[in-house]
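Undergrad: Following this line is upload-v2.cif, made up of mmCIF, C-alpha atoms and all ligand atoms:
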```cif
data_protein
loop_
_atom_site.group_PDB
_atom_site.id
_atom_site.type_symbol
_atom_site.label_atom_id
_atom_site.label_comp_id
_atom_site.auth_asym_id
_atom_site.auth_seq_id
_atom_site.Cartn_x
_atom_site.Cartn_y
_atom_site.Cartn_z
ATOM 1 C CA MET A 1 113.578 88.948 123.294
ATOM 2 C CA LYS A 2 115.700 91.472 121.518
ATOM 3 C CA ARG A 3 116.353 95.008 122.529
ATOM 4 C CA SER A 4 116.600 98.006 120.316
ATOM 5 C CA ILE A 5 118.821 100.997 120.598
ATOM 6 C CA ALA A 6 117.443 104.046 118.908
ATOM 7 C CA ILE A 7 120.172 106.175 117.475
ATOM 8 C CA LEU A 8 119.036 109.739 117.814
ATOM 9 C CA THR A 9 122.054 111.539 116.550
ATOM 10 C CA VAL A 10 121.913 112.286 112.858
ATOM 11 C CA MET A 11 125.572 113.152 112.463
ATOM 12 C CA LEU A 12 126.948 109.781 113.439
ATOM 13 C CA VAL A 13 130.054 109.568 111.325
ATOM 14 C CA CYS A 14 131.510 106.290 112.459
ATOM 15 C CA PHE A 15 129.596 103.670 114.316
ATOM 16 C CA THR A 16 131.927 101.868 116.654
ATOM 17 C CA ALA A 17 131.276 98.666 118.525
ATOM 18 C CA VAL A 18 133.609 97.283 121.153
ATOM 19 C CA TYR A 19 133.085 93.646 121.915
ATOM 20 C CA ALA A 20 134.816 92.415 125.062
ATOM 21 C CA GLY A 21 135.095 88.713 125.788
ATOM 22 C CA GLY A 22 134.619 87.044 129.164
ATOM 23 C CA SER A 23 138.002 85.628 130.013
ATOM 24 C CA GLY A 24 141.386 87.193 129.790
ATOM 25 C CA GLY A 25 141.949 90.890 129.698
ATOM 26 C CA ASN A 26 142.573 92.938 126.632
ATOM 27 C CA SER A 27 145.008 95.045 128.526
ATOM 28 C CA SER A 28 148.039 93.440 126.948
ATOM 29 C CA SER A 29 149.638 96.046 124.791
ATOM 30 C CA SER A 30 151.529 93.526 122.724
ATOM 31 C CA THR A 31 150.713 94.121 119.110
ATOM 32 C CA SER A 32 150.905 91.189 116.801
ATOM 33 C CA SER A 33 150.948 91.030 113.080
ATOM 34 C CA ALA A 34 149.091 87.733 113.243
ATOM 35 C CA SER A 35 145.696 88.029 111.648
ATOM 36 C CA VAL A 36 142.426 86.238 111.243
ATOM 37 C CA PRO A 37 140.250 86.549 108.125
ATOM 38 C CA ALA A 38 136.785 87.818 108.863
ATOM 39 C CA SER A 39 133.681 88.475 106.807
ATOM 40 C CA LEU A 40 130.881 90.890 107.410
ATOM 41 C CA THR A 41 127.951 89.749 105.318
ATOM 42 C CA ALA A 42 124.515 91.222 104.813
ATOM 43 C CA ASP A 43 121.462 89.023 104.399
ATOM 44 C CA VAL A 44 120.273 91.109 101.438
ATOM 45 C CA MET A 45 121.944 92.652 98.409
ATOM 46 C CA THR A 46 119.193 95.206 97.941
ATOM 47 C CA VAL A 47 116.923 96.840 100.484
ATOM 48 C CA THR A 48 114.357 99.609 100.231
ATOM 49 C CA GLU A 49 114.439 102.695 102.405
ATOM 50 C CA GLY A 50 112.943 101.912 105.806
ATOM 51 C CA GLY A 51 113.861 98.228 105.426
ATOM 52 C CA ASN A 52 115.936 95.823 107.504
ATOM 53 C CA ILE A 53 119.466 94.486 107.074
ATOM 54 C CA THR A 54 121.008 91.739 109.164
ATOM 55 C CA LEU A 55 124.807 91.829 109.308
ATOM 56 C CA ASP A 56 126.651 88.689 110.408
ATOM 57 C CA LEU A 57 130.313 88.632 111.394
ATOM 58 C CA THR A 58 132.068 85.294 110.896
ATOM 59 C CA LEU A 59 135.738 84.330 111.291
ATOM 60 C CA ASP A 60 137.665 81.923 109.093
ATOM 61 C CA THR A 61 139.882 80.359 111.742
ATOM 62 C CA ASP A 62 140.350 77.246 113.827
ATOM 63 C CA LEU A 63 141.256 79.299 116.882
ATOM 64 C CA GLU A 64 139.090 79.220 119.979
ATOM 65 C CA ILE A 65 138.352 82.880 120.597
ATOM 66 C CA GLU A 66 138.198 84.181 124.142
ATOM 67 C CA GLY A 67 137.575 87.836 123.539
ATOM 68 C CA ALA A 68 137.383 90.497 120.913
ATOM 69 C CA THR A 69 137.381 94.204 120.246
ATOM 70 C CA LEU A 70 135.153 94.779 117.264
ATOM 71 C CA ILE A 71 134.925 98.111 115.499
ATOM 72 C CA PHE A 72 132.771 98.724 112.454
ATOM 73 C CA ASP A 73 132.624 101.519 109.931
ATOM 74 C CA PHE A 74 128.990 101.971 109.010
ATOM 75 C CA PRO A 75 127.507 104.504 106.593
ATOM 76 C CA GLU A 76 126.554 107.726 108.261
ATOM 77 C CA ASP A 77 123.028 108.916 108.740
ATOM 78 C CA ILE A 78 121.073 106.007 107.293
ATOM 79 C CA ILE A 79 120.473 103.776 110.343
ATOM 80 C CA ASP A 80 117.425 104.320 112.507
ATOM 81 C CA THR A 81 117.780 101.469 114.993
ATOM 82 C CA ILE A 82 120.259 98.694 115.772
ATOM 83 C CA THR A 83 119.038 95.541 117.458
ATOM 84 C CA LEU A 84 121.700 93.513 119.259
ATOM 85 C CA PRO A 85 121.816 89.839 120.202
ATOM 86 C CA GLU A 86 120.142 89.049 123.517
ATOM 87 C CA GLU A 87 123.352 87.961 125.258
ATOM 88 C CA VAL A 88 125.066 91.247 124.528
ATOM 89 C CA THR A 89 124.875 94.077 126.992
ATOM 90 C CA ALA A 90 125.410 97.360 125.302
ATOM 91 C CA ASP A 91 126.179 100.903 126.198
ATOM 92 C CA PHE A 92 125.881 103.585 123.591
ATOM 93 C CA ASN A 93 127.736 106.848 123.924
ATOM 94 C CA PHE A 94 125.954 109.504 121.927
ATOM 95 C CA ASP A 95 128.873 111.905 122.130
ATOM 96 C CA THR A 96 131.541 109.595 120.797
ATOM 97 C CA GLY A 97 129.422 107.198 118.759
ATOM 98 C CA ILE A 98 131.020 104.295 120.618
ATOM 99 C CA LEU A 99 128.907 101.280 121.420
ATOM 100 C CA SER A 100 130.455 98.968 124.043
ATOM 101 C CA LEU A 101 129.358 95.376 123.860
ATOM 102 C CA GLU A 102 130.032 92.707 126.454
ATOM 103 C CA ALA A 103 129.194 89.083 125.900
ATOM 104 C CA PRO A 104 130.530 86.448 128.273
ATOM 105 C CA LYS A 105 130.847 83.687 125.728
ATOM 106 C CA GLN A 106 133.444 81.993 123.649
ATOM 107 C CA PHE A 107 133.065 81.199 120.024
ATOM 108 C CA GLY A 108 134.661 78.690 117.749
ATOM 109 C CA PRO A 109 135.304 78.164 114.048
ATOM 110 C CA GLY A 110 132.353 78.989 111.818
ATOM 111 C CA ASP A 111 130.270 80.553 114.570
ATOM 112 C CA VAL A 112 128.525 83.789 113.843
ATOM 113 C CA VAL A 113 130.436 86.027 116.207
ATOM 114 C CA LEU A 114 127.972 88.851 116.130
ATOM 115 C CA SER A 115 124.661 89.434 114.399
ATOM 116 C CA LEU A 116 123.310 92.967 114.125
ATOM 117 C CA ASP A 117 119.839 93.854 112.885
ATOM 118 C CA LEU A 118 119.756 97.299 111.337
ATOM 119 C CA LEU A 119 116.600 99.228 110.569
ATOM 120 C CA LEU A 120 117.163 101.891 107.929
ATOM 121 C CA LYS A 121 115.617 105.325 108.059
ATOM 122 C CA ASP A 122 112.473 105.879 106.006
ATOM 123 C CA ILE A 123 114.254 108.327 103.763
ATOM 124 C CA VAL A 124 117.849 107.636 102.746
ATOM 125 C CA LEU A 125 117.990 108.743 99.116
ATOM 126 C CA ALA A 126 117.426 112.110 97.488
ATOM 127 C CA ALA A 127 114.246 112.686 95.484
ATOM 128 C CA GLY A 128 115.848 112.075 92.094
ATOM 129 C CA GLU A 129 118.154 109.272 93.196
ATOM 130 C CA GLU A 130 117.314 105.770 91.945
ATOM 131 C CA SER A 131 119.725 103.811 94.153
ATOM 132 C CA ARG A 132 122.920 104.089 96.154
ATOM 133 C CA ASP A 133 125.438 101.512 97.351
ATOM 134 C CA TYR A 134 126.440 101.552 101.005
ATOM 135 C CA THR A 135 129.446 99.731 102.441
ATOM 136 C CA PHE A 136 129.563 98.157 105.888
ATOM 137 C CA SER A 137 133.170 97.506 106.897
ATOM 138 C CA ILE A 138 135.210 95.973 109.658
ATOM 139 C CA ASN A 139 137.588 98.603 110.949
ATOM 140 C CA ALA A 140 141.261 97.622 110.671
ATOM 141 C CA GLU A 141 141.696 98.057 114.426
ATOM 142 C CA SER A 142 139.361 95.166 115.202
ATOM 143 C CA LYS A 143 141.023 92.347 117.136
ATOM 144 C CA VAL A 144 140.285 88.949 118.598
ATOM 145 C CA VAL A 145 142.128 87.194 121.418
ATOM 146 C CA SER A 146 143.041 83.533 121.548
ATOM 147 C CA GLN A 147 145.248 82.118 124.318
ATOM 148 C CA SER A 148 146.195 85.659 125.310
ATOM 149 C CA GLN A 149 147.456 86.390 121.808
ATOM 150 C CA GLU A 150 145.842 89.205 119.825
ATOM 151 C CA TYR A 151 144.956 88.785 116.175
ATOM 152 C CA LEU A 152 143.945 91.588 113.862
ATOM 153 C CA LEU A 153 140.831 90.968 111.821
ATOM 154 C CA ILE A 154 141.381 91.198 108.086
ATOM 155 C CA GLY A 155 137.871 91.878 107.012
ATOM 156 C CA THR A 156 135.826 91.887 103.884
ATOM 157 C CA SER A 157 133.200 94.559 103.464
ATOM 158 C CA GLY A 158 129.539 94.068 102.754
ATOM 159 C CA THR A 159 127.833 96.303 100.238
ATOM 160 C CA VAL A 160 124.092 96.807 100.145
ATOM 161 C CA THR A 161 122.188 98.695 97.472
ATOM 162 C CA VAL A 162 119.428 100.893 98.863
ATOM 163 C CA THR A 163 116.470 101.555 96.575
ATOM 164 C CA PRO A 164 113.644 104.071 96.967
ATOM 165 C CA ALA A 165 110.530 103.551 99.036
ATOM 166 C CA TYR A 166 107.323 104.167 97.162
ATOM 167 C CA VAL A 167 103.804 105.065 98.204
ATOM 168 C CA THR A 168 100.778 103.566 96.502
ATOM 169 C CA ALA A 169 97.821 105.859 96.957
ATOM 170 C CA SER A 170 94.175 105.448 96.076
ATOM 171 C CA ALA A 171 90.973 107.441 96.365
ATOM 172 C CA ALA A 172 87.877 105.785 97.779
ATOM 173 C CA LEU A 173 84.939 105.655 95.357
ATOM 174 C CA TYR A 174 81.403 106.176 96.595
ATOM 175 C CA SER A 175 79.589 105.213 93.407
ATOM 176 C CA GLU A 176 80.081 103.492 90.095
ATOM 177 C CA LEU A 177 82.864 104.869 87.885
ATOM 178 C CA THR A 178 83.632 103.467 84.430
ATOM 179 C CA ASP A 179 86.330 105.864 83.252
ATOM 180 C CA THR A 180 88.718 108.410 84.757
ATOM 181 C CA SER A 181 88.477 111.092 82.069
ATOM 182 C CA GLY A 182 88.576 114.539 83.642
ATOM 183 C CA ILE A 183 89.968 113.100 86.888
ATOM 184 C CA THR A 184 93.518 113.976 87.922
ATOM 185 C CA ALA A 185 95.857 113.421 90.845
ATOM 186 C CA ARG A 186 98.887 115.454 91.807
ATOM 187 C CA LEU A 187 101.345 116.231 94.572
ATOM 188 C CA TYR A 188 101.712 119.919 95.308
ATOM 189 C CA ASN A 189 103.394 122.280 97.703
ATOM 190 C CA GLY A 190 103.891 126.021 97.594
ATOM 191 C CA ALA A 191 106.315 125.904 94.680
ATOM 192 C CA ASP A 192 105.652 122.718 92.853
ATOM 193 C CA SER A 193 102.944 120.578 91.296
ATOM 194 C CA ILE A 194 103.739 117.039 90.205
ATOM 195 C CA PRO A 195 101.112 115.053 88.336
ATOM 196 C CA VAL A 196 100.609 111.464 89.473
ATOM 197 C CA ALA A 197 99.338 109.072 86.824
ATOM 198 C CA ILE A 198 96.245 106.990 87.439
ATOM 199 C CA ASP A 199 96.955 103.275 87.265
ATOM 200 C CA GLY A 200 93.376 102.065 87.147
ATOM 201 C CA ILE A 201 89.946 101.719 88.720
ATOM 202 C CA THR A 202 88.598 98.925 90.882
ATOM 203 C CA ASP A 203 85.061 98.548 92.207
ATOM 204 C CA ASP A 204 85.707 100.866 95.100
ATOM 205 C CA GLU A 205 88.802 102.938 94.405
ATOM 206 C CA ILE A 206 90.940 104.823 91.913
ATOM 207 C CA ILE A 207 94.526 103.591 92.219
ATOM 208 C CA LEU A 208 97.539 105.761 91.389
ATOM 209 C CA GLU A 209 100.882 104.681 90.071
ATOM 210 C CA PRO A 210 103.412 104.495 92.920
ATOM 211 C CA PHE A 211 105.356 107.668 93.694
ATOM 212 C CA ARG A 212 108.452 108.340 95.769
ATOM 213 C CA LYS A 213 107.837 108.482 99.495
ATOM 214 C CA VAL A 214 110.574 111.102 99.898
ATOM 215 C CA LEU A 215 108.316 113.667 98.200
ATOM 216 C CA LEU A 216 105.687 113.428 100.878
ATOM 217 C CA VAL A 217 107.974 113.031 103.841
ATOM 218 C CA SER A 218 110.520 115.732 103.132
ATOM 219 C CA GLY A 219 108.997 117.953 100.481
ATOM 220 C CA GLY A 220 105.938 119.173 102.339
ATOM 221 C CA TYR A 221 103.685 117.921 99.564
ATOM 222 C CA THR A 222 99.955 117.348 99.698
ATOM 223 C CA LEU A 223 98.260 114.654 97.644
ATOM 224 C CA GLU A 224 95.163 115.802 95.750
ATOM 225 C CA PHE A 225 92.438 114.096 93.765
ATOM 226 C CA ALA A 226 90.357 116.397 91.588
ATOM 227 C CA GLY A 227 87.776 115.946 88.847
ATOM 228 C CA GLU A 228 84.819 117.731 87.284
ATOM 229 C CA GLY A 229 81.680 116.831 89.219
ATOM 230 C CA PHE A 230 83.687 115.637 92.241
ATOM 231 C CA VAL A 231 84.583 117.264 95.546
ATOM 232 C CA THR A 232 88.379 117.734 95.608
ATOM 233 C CA ALA A 233 90.051 115.445 98.173
ATOM 234 C CA THR A 234 93.452 116.104 99.722
ATOM 235 C CA LEU A 235 95.798 114.436 102.170
ATOM 236 C CA PRO A 236 98.892 116.141 103.636
ATOM 237 C CA GLY A 237 102.085 114.145 103.272
ATOM 238 C CA SER A 238 102.696 114.431 106.983
ATOM 239 C CA ALA A 239 99.584 112.279 107.529
ATOM 240 C CA LEU A 240 101.166 109.378 105.666
ATOM 241 C CA THR A 241 102.391 106.650 107.978
ATOM 242 C CA SER A 242 102.287 103.732 105.582
ATOM 243 C CA ASP A 243 103.381 102.749 102.083
ATOM 244 C CA VAL A 244 99.736 102.293 101.143
ATOM 245 C CA VAL A 245 97.275 105.101 101.660
ATOM 246 C CA ALA A 246 93.582 105.528 100.847
ATOM 247 C CA VAL A 247 92.280 109.069 100.509
ATOM 248 C CA LYS A 248 88.671 109.728 101.459
ATOM 249 C CA GLY A 249 86.425 112.572 100.439
ATOM 250 C CA PHE A 250 86.497 112.346 96.636
ATOM 251 C CA TYR A 251 82.705 112.555 96.585
ATOM 252 C CA PRO A 252 80.737 112.505 93.320
ATOM 253 C CA GLY A 253 78.013 115.104 92.898
ATOM 254 C CA ASP A 254 79.560 118.581 92.976
ATOM 255 C CA VAL A 255 78.103 119.418 89.579
ATOM 256 C CA ASN A 256 78.379 123.221 90.016
ATOM 257 C CA ALA A 257 81.936 123.022 91.397
ATOM 258 C CA ASP A 258 81.448 124.967 94.621
ATOM 259 C CA GLY A 259 82.973 122.322 96.891
ATOM 260 C CA LYS A 260 79.633 121.208 98.347
ATOM 261 C CA ILE A 261 76.959 118.728 97.352
ATOM 262 C CA ASN A 262 73.427 120.018 97.822
ATOM 263 C CA PHE A 263 70.157 120.880 96.062
ATOM 264 C CA LYS A 264 71.953 123.226 93.659
ATOM 265 C CA ASP A 265 73.863 120.273 92.255
ATOM 266 C CA PHE A 266 70.674 118.254 92.049
ATOM 267 C CA ASN A 267 68.974 121.090 90.150
ATOM 268 C CA ALA A 268 71.939 121.477 87.812
ATOM 269 C CA LEU A 269 71.979 117.759 87.104
ATOM 270 C CA ALA A 270 68.216 117.592 86.595
ATOM 271 C CA SER A 271 68.473 120.491 84.172
ATOM 272 C CA LEU A 272 71.140 118.690 82.148
ATOM 273 C CA ILE A 273 68.936 115.602 81.976
ATOM 274 C CA VAL A 274 65.769 117.490 81.055
ATOM 275 C CA TYR A 275 67.499 119.391 78.269
ATOM 276 C CA GLU A 276 69.480 116.293 77.238
ATOM 277 C CA ARG A 277 72.829 118.026 77.549
ATOM 278 C CA THR A 278 75.909 115.939 78.095
ATOM 279 C CA ASN A 279 78.393 117.661 80.356
ATOM 280 C CA ILE A 280 81.315 115.867 81.997
ATOM 281 C CA ALA A 281 80.554 117.508 85.356
ATOM 282 C CA GLY A 282 77.140 115.855 85.226
ATOM 283 C CA ASP A 283 78.363 112.534 83.881
ATOM 284 C CA LEU A 284 79.383 111.357 87.333
ATOM 285 C CA ASN A 285 79.838 107.704 86.386
ATOM 286 C CA ARG A 286 81.699 108.681 83.197
ATOM 287 C CA ASP A 287 79.677 106.457 80.886
ATOM 288 C CA GLY A 288 79.194 109.191 78.277
ATOM 289 C CA LYS A 289 75.567 109.949 79.199
ATOM 290 C CA VAL A 290 73.909 112.183 81.742
ATOM 291 C CA ASP A 291 70.932 110.284 83.099
ATOM 292 C CA ALA A 292 69.277 108.782 86.163
ATOM 293 C CA GLN A 293 72.393 106.741 86.980
ATOM 294 C CA ASP A 294 74.267 109.993 87.574
ATOM 295 C CA VAL A 295 71.515 111.117 89.932
ATOM 296 C CA ALA A 296 72.118 107.894 91.861
ATOM 297 C CA CYS A 297 75.854 108.763 91.991
ATOM 298 C CA LEU A 298 75.056 112.244 93.288
ATOM 299 C CA LEU A 299 72.862 110.792 96.040
ATOM 300 C CA ASP A 300 75.611 108.297 96.970
ATOM 301 C CA GLY A 301 78.109 111.159 97.144
ATOM 302 C CA TYR A 302 75.749 113.329 99.204
ATOM 303 C CA GLN A 303 75.110 110.495 101.647
ATOM 304 C CA ALA A 304 78.798 109.611 102.015
ATOM 305 C CA MET A 305 79.769 113.247 102.530
ATOM 306 C CA THR A 306 77.075 113.710 105.179
ATOM 307 C CA GLU A 307 78.067 110.523 107.020
ATOM 308 C CA GLU A 308 81.823 111.085 106.924
ATOM 309 C CA ASP A 309 81.502 114.731 107.934
ATOM 310 C CA ALA A 310 79.466 113.615 110.940
ATOM 311 C CA VAL A 311 82.295 111.399 112.194
HETATM 312 CA CA CA B 1 78.063 121.868 94.564
HETATM 313 CA CA CA B 2 76.574 108.966 83.234
#
```
Please re-express this file's structure in structure tokens.

TA:
Amino acid sequence: MKRSIAILTVMLVCFTAVYAGGSGGNSSSSTSSASVPASLTADVMTVTEGGNITLDLTLDTDLEIEGATLIFDFPEDIIDTITLPEEVTADFNFDTGILSLEAPKQFGPGDVVLSLDLLLKDIVLAAGEESRDYTFSINAESKVVSQSQEYLLIGTSGTVTVTPAYVTASAALYSELTDTSGITARLYNGADSIPVAIDGITDDEIILEPFRKVLLVSGGYTLEFAGEGFVTATLPGSALTSDVVAVKGFYPGDVNADGKINFKDFNALASLIVYERTNIAGDLNRDGKVDAQDVACLLDGYQAMTEEDAV
């Protein structure tokens, strides 16, 4: 079992961990220039926003360590949660940003002294930012104790490149569709409208090219699918909880573009068929013809709209 500490403060400038060993006090004020090489290594070189990093601290020494005071300099405002090893009892001070760790164990050469699992926030980068490097460092005041002698840790830093999180969105299809001409998707808010390209069609959905999650989470955007002959379907960004989202409600059959599917659409479609007029709003399956197959699409759309509205 591991425990998680949620870090609520968003202005955490320096994350500090104090690691106190079981035997021998750290109260000795003798300062030594003796040092021990240490490495702080991440298990990944690249991680996406919202992803996990495991940081391991190892020492390059033959000394048997009895205690330690470990202080880390972590990047500010990118960590959502830190999970500590089971044997560590921790106390986090939200005012000072100091995390006190106590672990009654000794460790020897090559042991991983401390392993921290970090969960990054969902949004770390700005909307236009493709990546950023973050450094996780051992603070120069970190010490270990061996036979009552203190040794400063001379640490190497770990750098991790954070890359953007993307959302892959799709619209559910309720009838056959052979082509996406006249169908568009976009993200919009009060000030802005960003087209999202269509990647392709499967049997039961239209799939969009991935777009940056930061737009939906922080920009107040709504995702919209629109097309002639279809009921416009939208999903507010705040409703997104996953990297994959399926939008419902893009019903085929709104031939007269009033937002509903009813007898008026049926009449309009029948009229197009009788007079042999090809109109994209009536060509619901986008096969280039307006015929009985489009009537079947309209009925599928009407039925789906009726059933989903009833839920
Ligand atoms: Ca209609
Ligand atoms: Ca057709």

Undergrad: Selection in question (the file shown): the PyMOL selection byres (((chain A and resi 41) around 7) and not hetatm). Which residues does it include, as a list of chain:residue names?

TA: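 Selection result, ordered by chain and number: A:Ser39, A:Leu40, A:Ala42, A:Asp43, A:Leu55, A:Asp56, A:Leu57, A:Gly158.
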
Undergrad: Please write the residues picked by the PyMOL selection byres (((not hetatm)) within 7 of (chain B and resi 1)) on this file as number ranges by chain.

TA: A: 253-262, 264-265

Undergrad: List, as a list in words, every residue that the PyMOL selection byres (((not hetatm)) within 7 of (chain B and resi 2)) selects in the file provided.

TA: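 The output of the PyMOL selection byres (((not hetatm)) within 7 of (chain B and resi 2)) on this file is Asp283, Leu284, Asn285, Arg286, Asp287, Gly288, Lys289, Val290, Asp291, Gln293 and Asp294 of chain A.
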
Undergrad: For A:Lys143, list every protein, DNA or RNA residue within 6 Å, evaluated using only C-alpha atoms, and leave out those in the same chain fewer than 5 positions away; present the list as an MDAnalysis selection string.

TA: chainID A and resid 68:69 151:153

Undergrad: Using all atoms listed in the file, pick whichever of A:Asp199, A:Glu205, A:Asp192, A:Asp62 has the shortest atom-to-atom distance to A:Ala172.

TA: A:Glu205

Undergrad: May I ask which of the residues A:Gly237, A:Gly249, A:Ala197, A:Tyr134 is the closest one to A:Glu307, counting only C-alpha atoms?

TA: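 Under the stated criterion, the closest residue is A:Gly249.
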
Undergrad: Using only C-alpha atoms, which of the listed residues (A:Val244, A:Ile65, A:Ile194, A:Ile206) sits closest to A:Tyr221?

TA: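 Ranked by minimum distance to A:Tyr221, first place goes to A:Ile194.
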
Undergrad: What is the atom CA of A:Ile198-atom CA of A:Val295 distance in Å, reported with one decimal?

TA: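 Between these atoms lies a distance of 25.2 Å.
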
Undergrad: Pick out the residues sitting within 8 Å of A:Glu176, and hand them over as a list of chain:residue names; count all atoms listed in the file, and ignore anything fewer than 6 positions along from it in its own chain.

TA: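 That gives A:Asp203, A:Asp204, A:Asn285, A:Cys297.
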
Undergrad: Any idea what the distance is between atom CA of A:Glu49 and atom CA of A:Ala165?

TA: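 Here the two named atoms are 5.2 Å from each other.
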
Undergrad: List the neighbours of A:Asp117 out to 8 Å using all atoms listed in the file; skip same-chain residues closer than 4 positions along the sequence, and give me the result as a PyMOL selection string.

TA: chain A and resi 52-55+82-84

Undergrad: Measuring between only C-alpha atoms, which one of A:Tyr251, A:Tyr166, A:Tyr188, A:Phe136 shows the shortest distance to A:Tyr302?

TA: A:Tyr251

Undergrad: Hey, what's within 10 Å of A:Lys248 if we count all atoms listed in the file and toss same-chain stuff fewer than 2 positions away? As a ChimeraX atom specification, please?

TA: /A:170-174,205,225,232-235,245-246,250-251,304-305,308

Undergrad: So how far away is atom CA of A:Ser137 from atom CA of A:Ser157, in Å?

TA: 4.5 Å

Undergrad: Tell me which protein, DNA and RNA residues are within 7 Å of A:Ser146, counting only C-alpha atoms, leaving out same-chain ones fewer than 5 positions away, and put them as a list in words.

TA: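 The residues that qualify are Leu63, Glu64, Ile65 and Glu66 of chain A.
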
Undergrad: Between A:Ala34, A:Leu187, A:Val160, A:Ile273, which is the closest to A:Arg212 once you count all atoms listed in the file?

TA: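 Among the listed residues, A:Leu187 lies closest to A:Arg212.
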
Undergrad: Determine the nearest neighbour of A:Leu216 from the options A:Pro252, A:Pro85, A:Pro236, A:Gly67, counting only C-alpha atoms.

TA: A:Pro236

Undergrad: Select stretch 145-181 of chain A in the preceding structure and write C-alpha atoms to a file as a CSV table (one decimal), in the first residue's frame.

TA:
```
chain,number,residue,atom,x,y,z
A,145,VAL,CA,25.2,10.6,8.6
A,146,SER,CA,27.6,7.7,9.0
A,147,GLN,CA,29.2,6.8,12.3
A,148,SER,CA,28.1,10.2,13.7
A,149,GLN,CA,29.9,12.0,10.9
A,150,GLU,CA,27.9,14.2,8.5
A,151,TYR,CA,28.5,14.1,4.7
A,152,LEU,CA,27.1,16.6,2.3
A,153,LEU,CA,25.5,15.1,-0.8
A,154,ILE,CA,27.0,16.2,-4.0
A,155,GLY,CA,24.1,15.6,-6.3
A,156,THR,CA,23.4,15.3,-10.0
A,157,SER,CA,20.1,16.7,-11.3
A,158,GLY,CA,17.5,14.8,-13.3
A,159,THR,CA,15.9,16.6,-16.2
A,160,VAL,CA,12.6,15.5,-17.6
A,161,THR,CA,11.0,16.9,-20.8
A,162,VAL,CA,7.2,17.4,-20.4
A,163,THR,CA,5.2,17.2,-23.6
A,164,PRO,CA,1.6,18.2,-24.2
A,165,ALA,CA,-1.4,16.1,-23.5
A,166,TYR,CA,-3.8,15.6,-26.4
A,167,VAL,CA,-7.5,14.8,-26.6
A,168,THR,CA,-8.8,12.5,-29.4
A,169,ALA,CA,-12.4,13.3,-30.0
A,170,SER,CA,-15.0,11.5,-32.1
A,171,ALA,CA,-18.7,11.9,-33.0
A,172,ALA,CA,-21.0,8.9,-32.8
A,173,LEU,CA,-22.6,8.0,-36.1
A,174,TYR,CA,-26.2,6.8,-36.3
A,175,SER,CA,-26.2,5.8,-39.9
A,176,GLU,CA,-24.0,5.0,-42.8
A,177,LEU,CA,-21.6,7.8,-43.9
A,178,THR,CA,-19.2,7.5,-46.8
A,179,ASP,CA,-17.7,10.9,-46.9
A,180,THR,CA,-17.3,13.9,-44.6
A,181,SER,CA,-17.9,16.7,-47.1
```
